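What follows is a single structure, written as structure tokens, with notes after it.
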Amino acid sequence: MPKLLSDKKKPGSCKVVNIQGEQASRLLEMGITPGIELKIIRTAPLGFPIEIKIRGYLLSLRESEARCILIED
Amino acid sequence: MAEESLTIALVGNPNTGKSTVFNGLTGLRQKIANYPGVTVERKVGFTTIDEQSYKVIDLPGTYSLNYKKIDERITYQTLIGEYEHEEAPDVVMIVADSSNLDRNLFLATQVMDLGLPCMLVLNMQDVADDKGINIDPASIEDTLGIPVLAVSAKYKKDIEKLKEAISAKRYSIPEALRWTPGKNLRIAIDVVIDKWIKPFSSLPERAHIIEALRLISDNHLSEAFYEYENEDFGQKVVDEARFLIENEGGNPIAAEVLFRYDFINECTRDSVRQEDEDRKSISDRIDEIVTHKVFGPVIFLLVLLVMFQSIFTWATPFMDMIDLVFVETGNWLASNLPSGVLTSLLVDGVVAGLGGVVIFLPQILFLFLFIYVLEGTGYMARAAFVMDGFMTKVGLHGRSVVPLMSGFACAIPGIMATRNIENWRDRIITIMVLPFMACSARLPVYALLIAAFIPDDRVFWFIDLQGITFFGLYLFGIVMAILAAIVMNQFFAKTESSPFIMELPSYKMPKWSVVFQNTFERGKVFVTEAGKIIIAISIVLWFLASYPKVDIPDSVITDTTTTESSFNPQDDPDAYQLKNSYAGKFGNFIEPAIEPLGFDWKIGIGLITSFAAREVMVGTLNTIYSIQESGDEVVTLKQKLINDKNLETGQPVYSTATAISLMIFFALAMQCMSTIAIVRRETNSWKWPAAMFFYMTTLAYLCSLAAYQIGSNL
């Protein structure tokens with residue numbers, strides 16, 4: 001069952017299923033494409049932003065952006 | 001024509017070491033200015049290789065040509081030769097981070113679609129090596145079809161390699177659509193180009209593919225067409241193209257990106273080998289502490305503390321020295337030139353104004369030295385990550401923290417430091433609230449008034465009322481900045497979304513030549529661009545305080561508004577002149593307006609003259625109260641302020657309520673021409689400095705009014 005990246009806060013790997021919403025285009029360009037492996041590294045002090053590893057580099061996302069990413073474990 | 005200069009454009013993602021390549025190629029032969037009409041910085045340098053001269057343009061770092069931000073649009077427009085009638089570059093050097101090749105190649109494949117002569121520079125080989133990434137440039141060259149060079153631009157020998165490649169013309173025009181879009185996307189591109197772009201747009205042919213893709217994938221398509229009369233037709237063409245892609249089972253927003261990444265995978269599959277992906281690098285280990293939920297903010301605050309303490313400690317001797325030099329120069333000129341209007345203009349207008357510009361340099365240079373070191377190491381992005389949660393709560397950005405804190409030293413370097421904030425909305429809000437941070441120029445005013453009017457009653461242990469007032473004023477500034485940010489955020493909220501998709505680059509040693517050069521450039525930009533405005537305003541203020549010229553009367557007159565019945569204009573012509581100048585008249589004129597705040601005409605004059613710089617208030621009061629320069633002047637001035645009585649009522653002119661009201665006014669009002677000048681420079685318009693002046697000064701008036709009315713009626 002796919003869920004939003006913003007709901008998964010525990011560090012660990014997951015697979016990107018789809019990208020949707022306002023920021024979709026930028027997220028896709030940054031290499032967050034369906035099928036790719038994504039790893040949550042950590043969350044910032046107040047829960048967001050989160051830090052993810054994708055295609056070998058580190059990216060930080062706010063909640064609104066994490067909500068654009070559909071994942072499955 | 002061999003003598004004609006060729007243009008090389010450097011394009012690449014942020015954090016690819018583009019600046020290092022740029023500095024390596026051009027050395028000190030660079031020019032930095034704003035792009036006309038916008039606030040994005042334009043770096044141009046010059047170099048000569050084998051007797052051929054080159055102009056090198058360092059384009060703003062970008063992730064995509066499908067522009068979403070102003071700096072990305074400039075990159076795109078400069079490349080296609082549509083920015084301010086500038087020709088398209090002769091050579092495009094695509095700079096990519098070897099340790100992060102997938103995402104960097106995305107932009108590369110886009111640039112290749114422009115049909116300009118290209119070469120790909122795989123930079124930061126050393127970082128890639130450390131990460132255990134092995135790249136085979138020859139294989140990438142085969143797949144991409146353009147020359148590929150693997151370098152570490154921080155080494156001189158690698159810069160030489162780049163120069164040799166340029167000189168040997170190791171660049172070529174790539175094959176269009178090398179990344180092979182799917183059949184229907186391919187047709188869709190042609191549909192948009194043939195039916196819309198060719199007949200209706202004036203874009204050069206090289207831009208057609210990228211423009212077609214942009215229209216097909218754009219979320220906000222209506223904006224793309226707003227300048228065309230037949231926008232409905234354009235919309236129809238794009239819908240047709242999108243339908244083709246959807247027919248193939250694709251998503252128009254994602255189609256281009258997915259095909260490009262498929263191609264990139266093909267490119268890197270055989271040519272990039274990563275050993276042991278899950279190995280924890282040193283960078284990861286540092287991050288575990290630096291971005292820790294608890295240690296992260298603590299470390300950040302410690303970094304800030306050390307940074308600002310150092311700026312204060314290191315900058316102060318230089319500032320004192322600059323002050324001394326300008327004062328001595330002024331004195332020397334005054335005593336060696338024939339006294340007259342020109343000398344006065346030179347000494348009190350030009351030299352004083354110039355001093356007012358140069359005095360900021362030490363703080364600006366030290367702050368930027370720190371900022372560029374922190375930026376260069378990769379720590380700045382972590383600080384933003386750690387602080388973003390707190391800062392978004394008040395409508396600011398993680399990257400606002402450092403500029404705001406810099407405001408405690410001085411608003412000017414702080415406002416210049418907002419360039420680190422990529423998003424325009426976040427940047428403008430940070431700029432607009434930054435002058436509320438209690439800068440060091442407010443210190444002398446606070447110190448004088450607190451010493452004179454706040455009793456040093458012990459409150460708790462070693463803490464007294466004076467200390468609490470002092471602390472309260474700082475806190476007051478911070479609270480007002482936060483409130484103002486929250487309010488301003490409401491105005492902006494609907495107009496522009498503010499993404500925080502931020503890369504966290506690997507830690508590395510800063511490149512010192514880049515650090516020093518950038519720091520130096522900041523200082524230069526301040527002196528040359530803000531300096532002009534500051535000197536102009538200084539001269540206006542000099543005029544207001546020196547004219548009209550008055551004759552010193554022979555007889556002793558008694559000024560009814562001052563208690564100093566012994567006041568003798570012959571003893572102190574300076575004070576007499578100031579009181580009768582335009583500034584003095586204006587001080588009298590605005591007295592009714594500032595009376596409800598508890599101010600009299602003397603403070604009125606001070607409010608006007610302190611626009612040169614807040615601390616000038618103390619000097620002006622000194623002049624008005626005819627205090628001769630001496631070591632004890634603050635003590636004397638303090639006594640004079642306390643003793644000053646209104647002749648009609650016999651009440652002291654200055655009460656504690658007046659002092660508090662005045663301090664609140666200084667905490668909030670936009671009393672600094674240098675800040676105005678730098679906001680003008682950084683926003684590239686008079687709109688923002690004007691708005692800042694009015695909103696801050698109005699707020700100051702209202703708060704002082706409330707404070708005095710409540711205070712004096714208690």
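We name chains A, B, ... following the order of the structure tokens; residues begin at 1 in each chain, and ligands are numbered from 1 as shown.
All residues of protein, DNA or RNA that reach within 7 Å of Tyr57 of chain A, judged by only C-alpha atoms and not counting those fewer than 3 positions away in the chain, are Lys53 and Ile54 of chain A; Asn100 of chain B.
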Could the residues in this selection be saved with N, CA, C and O atoms as a PDB file, in the first residue's frame?
ATOM      1  N   LYS A  53      18.503  10.426   1.268  1.00  0.00           N
ATOM      2  CA  LYS A  53      19.592  10.129   0.342  1.00  0.00           C
ATOM      3  C   LYS A  53      18.972   9.549  -0.914  1.00  0.00           C
ATOM      4  O   LYS A  53      18.164   8.626  -0.848  1.00  0.00           O
ATOM      5  N   ILE A  54      19.311  10.133  -2.049  1.00  0.00           N
ATOM      6  CA  ILE A  54      18.750   9.681  -3.316  1.00  0.00           C
ATOM      7  C   ILE A  54      19.836   9.759  -4.374  1.00  0.00           C
ATOM      8  O   ILE A  54      20.575  10.731  -4.411  1.00  0.00           O
TER       9      ILE A  54
ATOM     10  N   ASN B 100      28.370  12.955  -7.845  1.00  0.00           N
ATOM     11  CA  ASN B 100      26.910  13.046  -7.834  1.00  0.00           C
ATOM     12  C   ASN B 100      26.442  13.148  -9.268  1.00  0.00           C
ATOM     13  O   ASN B 100      25.767  14.098  -9.658  1.00  0.00           O
TER      14      ASN B 100
END
Backbone DSSP call of helix (DSSP H, G or I) for segment 44-230 of chain B, listed as a ChimeraX atom specification: /B:70-79,98-112,125-130,137-144,156-167,183-200,205-217,221-225
Residues of chain B within 10 Å of chain A, only C-alpha atoms counted, as JSON, numbers by chain: {"B": [63, 64, 66, 67, 68, 99, 100, 101, 102, 103, 104, 106, 107, 131, 217, 218, 219, 220, 253, 254, 255, 256, 257, 258, 260, 261, 274, 277, 278, 284, 287, 288, 291, 292, 293, 294, 295, 296, 297, 381, 382, 384, 385, 386, 387, 388, 389, 390, 392, 398, 497, 498, 499, 500, 501, 502, 503, 504, 505, 506]}
Atom CA of Val618 of chain B to atom CA of Pro338 of chain B, straight-line distance in Å: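 One can read the atom CA of Pro338 of chain B to atom CA of Val618 of chain B distance as 28.7 Å.
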All strand (DSSP E or B) positions in chain A, as a PyMOL selection string: chain A and resi 3-4+12-19+37-43+50-54+57-61+69-72
Test item: residues at most 10 Å from Pro2 of chain A, only C-alpha atoms, excluding those fewer than 2 positions along its chain, as number ranges by chain: A: 4-5, 15-18, 69-73
Neighbour list for segment 431-434 of chain B as a list in words, cut-off 6 Å, only C-alpha atoms, skip fewer than 2 positions in-chain: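 Listing them by chain and then by number gives Leu404, Ile415, Ile428, Ile429, Phe436, Met437 and Ala481 of chain B.
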Keeping only C-alpha atoms, write those residues as a CSV table (one decimal), in the first residue's frame.
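The file below, result05.csv, is the result:
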chain,number,residue,atom,x,y,z
B,404,LEU,CA,19.6,38.0,11.2
B,415,ILE,CA,21.5,42.3,4.5
B,428,ILE,CA,12.9,40.0,1.1
B,429,ILE,CA,11.2,39.2,4.4
B,436,PHE,CA,15.2,45.5,14.0
B,437,MET,CA,18.1,43.5,15.3
B,481,ALA,CA,11.5,41.2,13.9
Test item: residues at most 7 Å from segment 443-446 of chain B, only C-alpha atoms, excluding those fewer than 6 positions along its chain, as a list in words: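 Neighbouring residues, sequence-local ones excluded: Glu615, Met617, Val618 and Met663 of chain B.
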Spatial neighbours of Thr78 of chain B, 10 Å, only C-alpha atoms, chain gap at least 5 places, as number ranges by chain: B: 9, 57, 59, 72-73, 83-89
Nearby residues (only C-alpha atoms) at most 7 Å from Leu122 of chain B, same-chain spacing under 3 positions excluded, as a PyMOL selection string: chain B and resi 95-98+149-151
Any chance you can output those residues with C-alpha atoms as a PDB file, in the first residue's frame?
ATOM      1  CA  VAL B  95      30.540  21.675 -14.954  1.00  0.00           C
ATOM      2  CA  ALA B  96      29.355  18.555 -13.144  1.00  0.00           C
ATOM      3  CA  ASP B  97      30.050  17.104  -9.704  1.00  0.00           C
ATOM      4  CA  SER B  98      31.610  13.684 -10.292  1.00  0.00           C
ATOM      5  CA  LEU B 149      37.213  16.009 -19.175  1.00  0.00           C
ATOM      6  CA  ALA B 150      37.728  14.645 -15.679  1.00  0.00           C
ATOM      7  CA  VAL B 151      39.426  17.153 -13.346  1.00  0.00           C
TER       8      VAL B 151
END
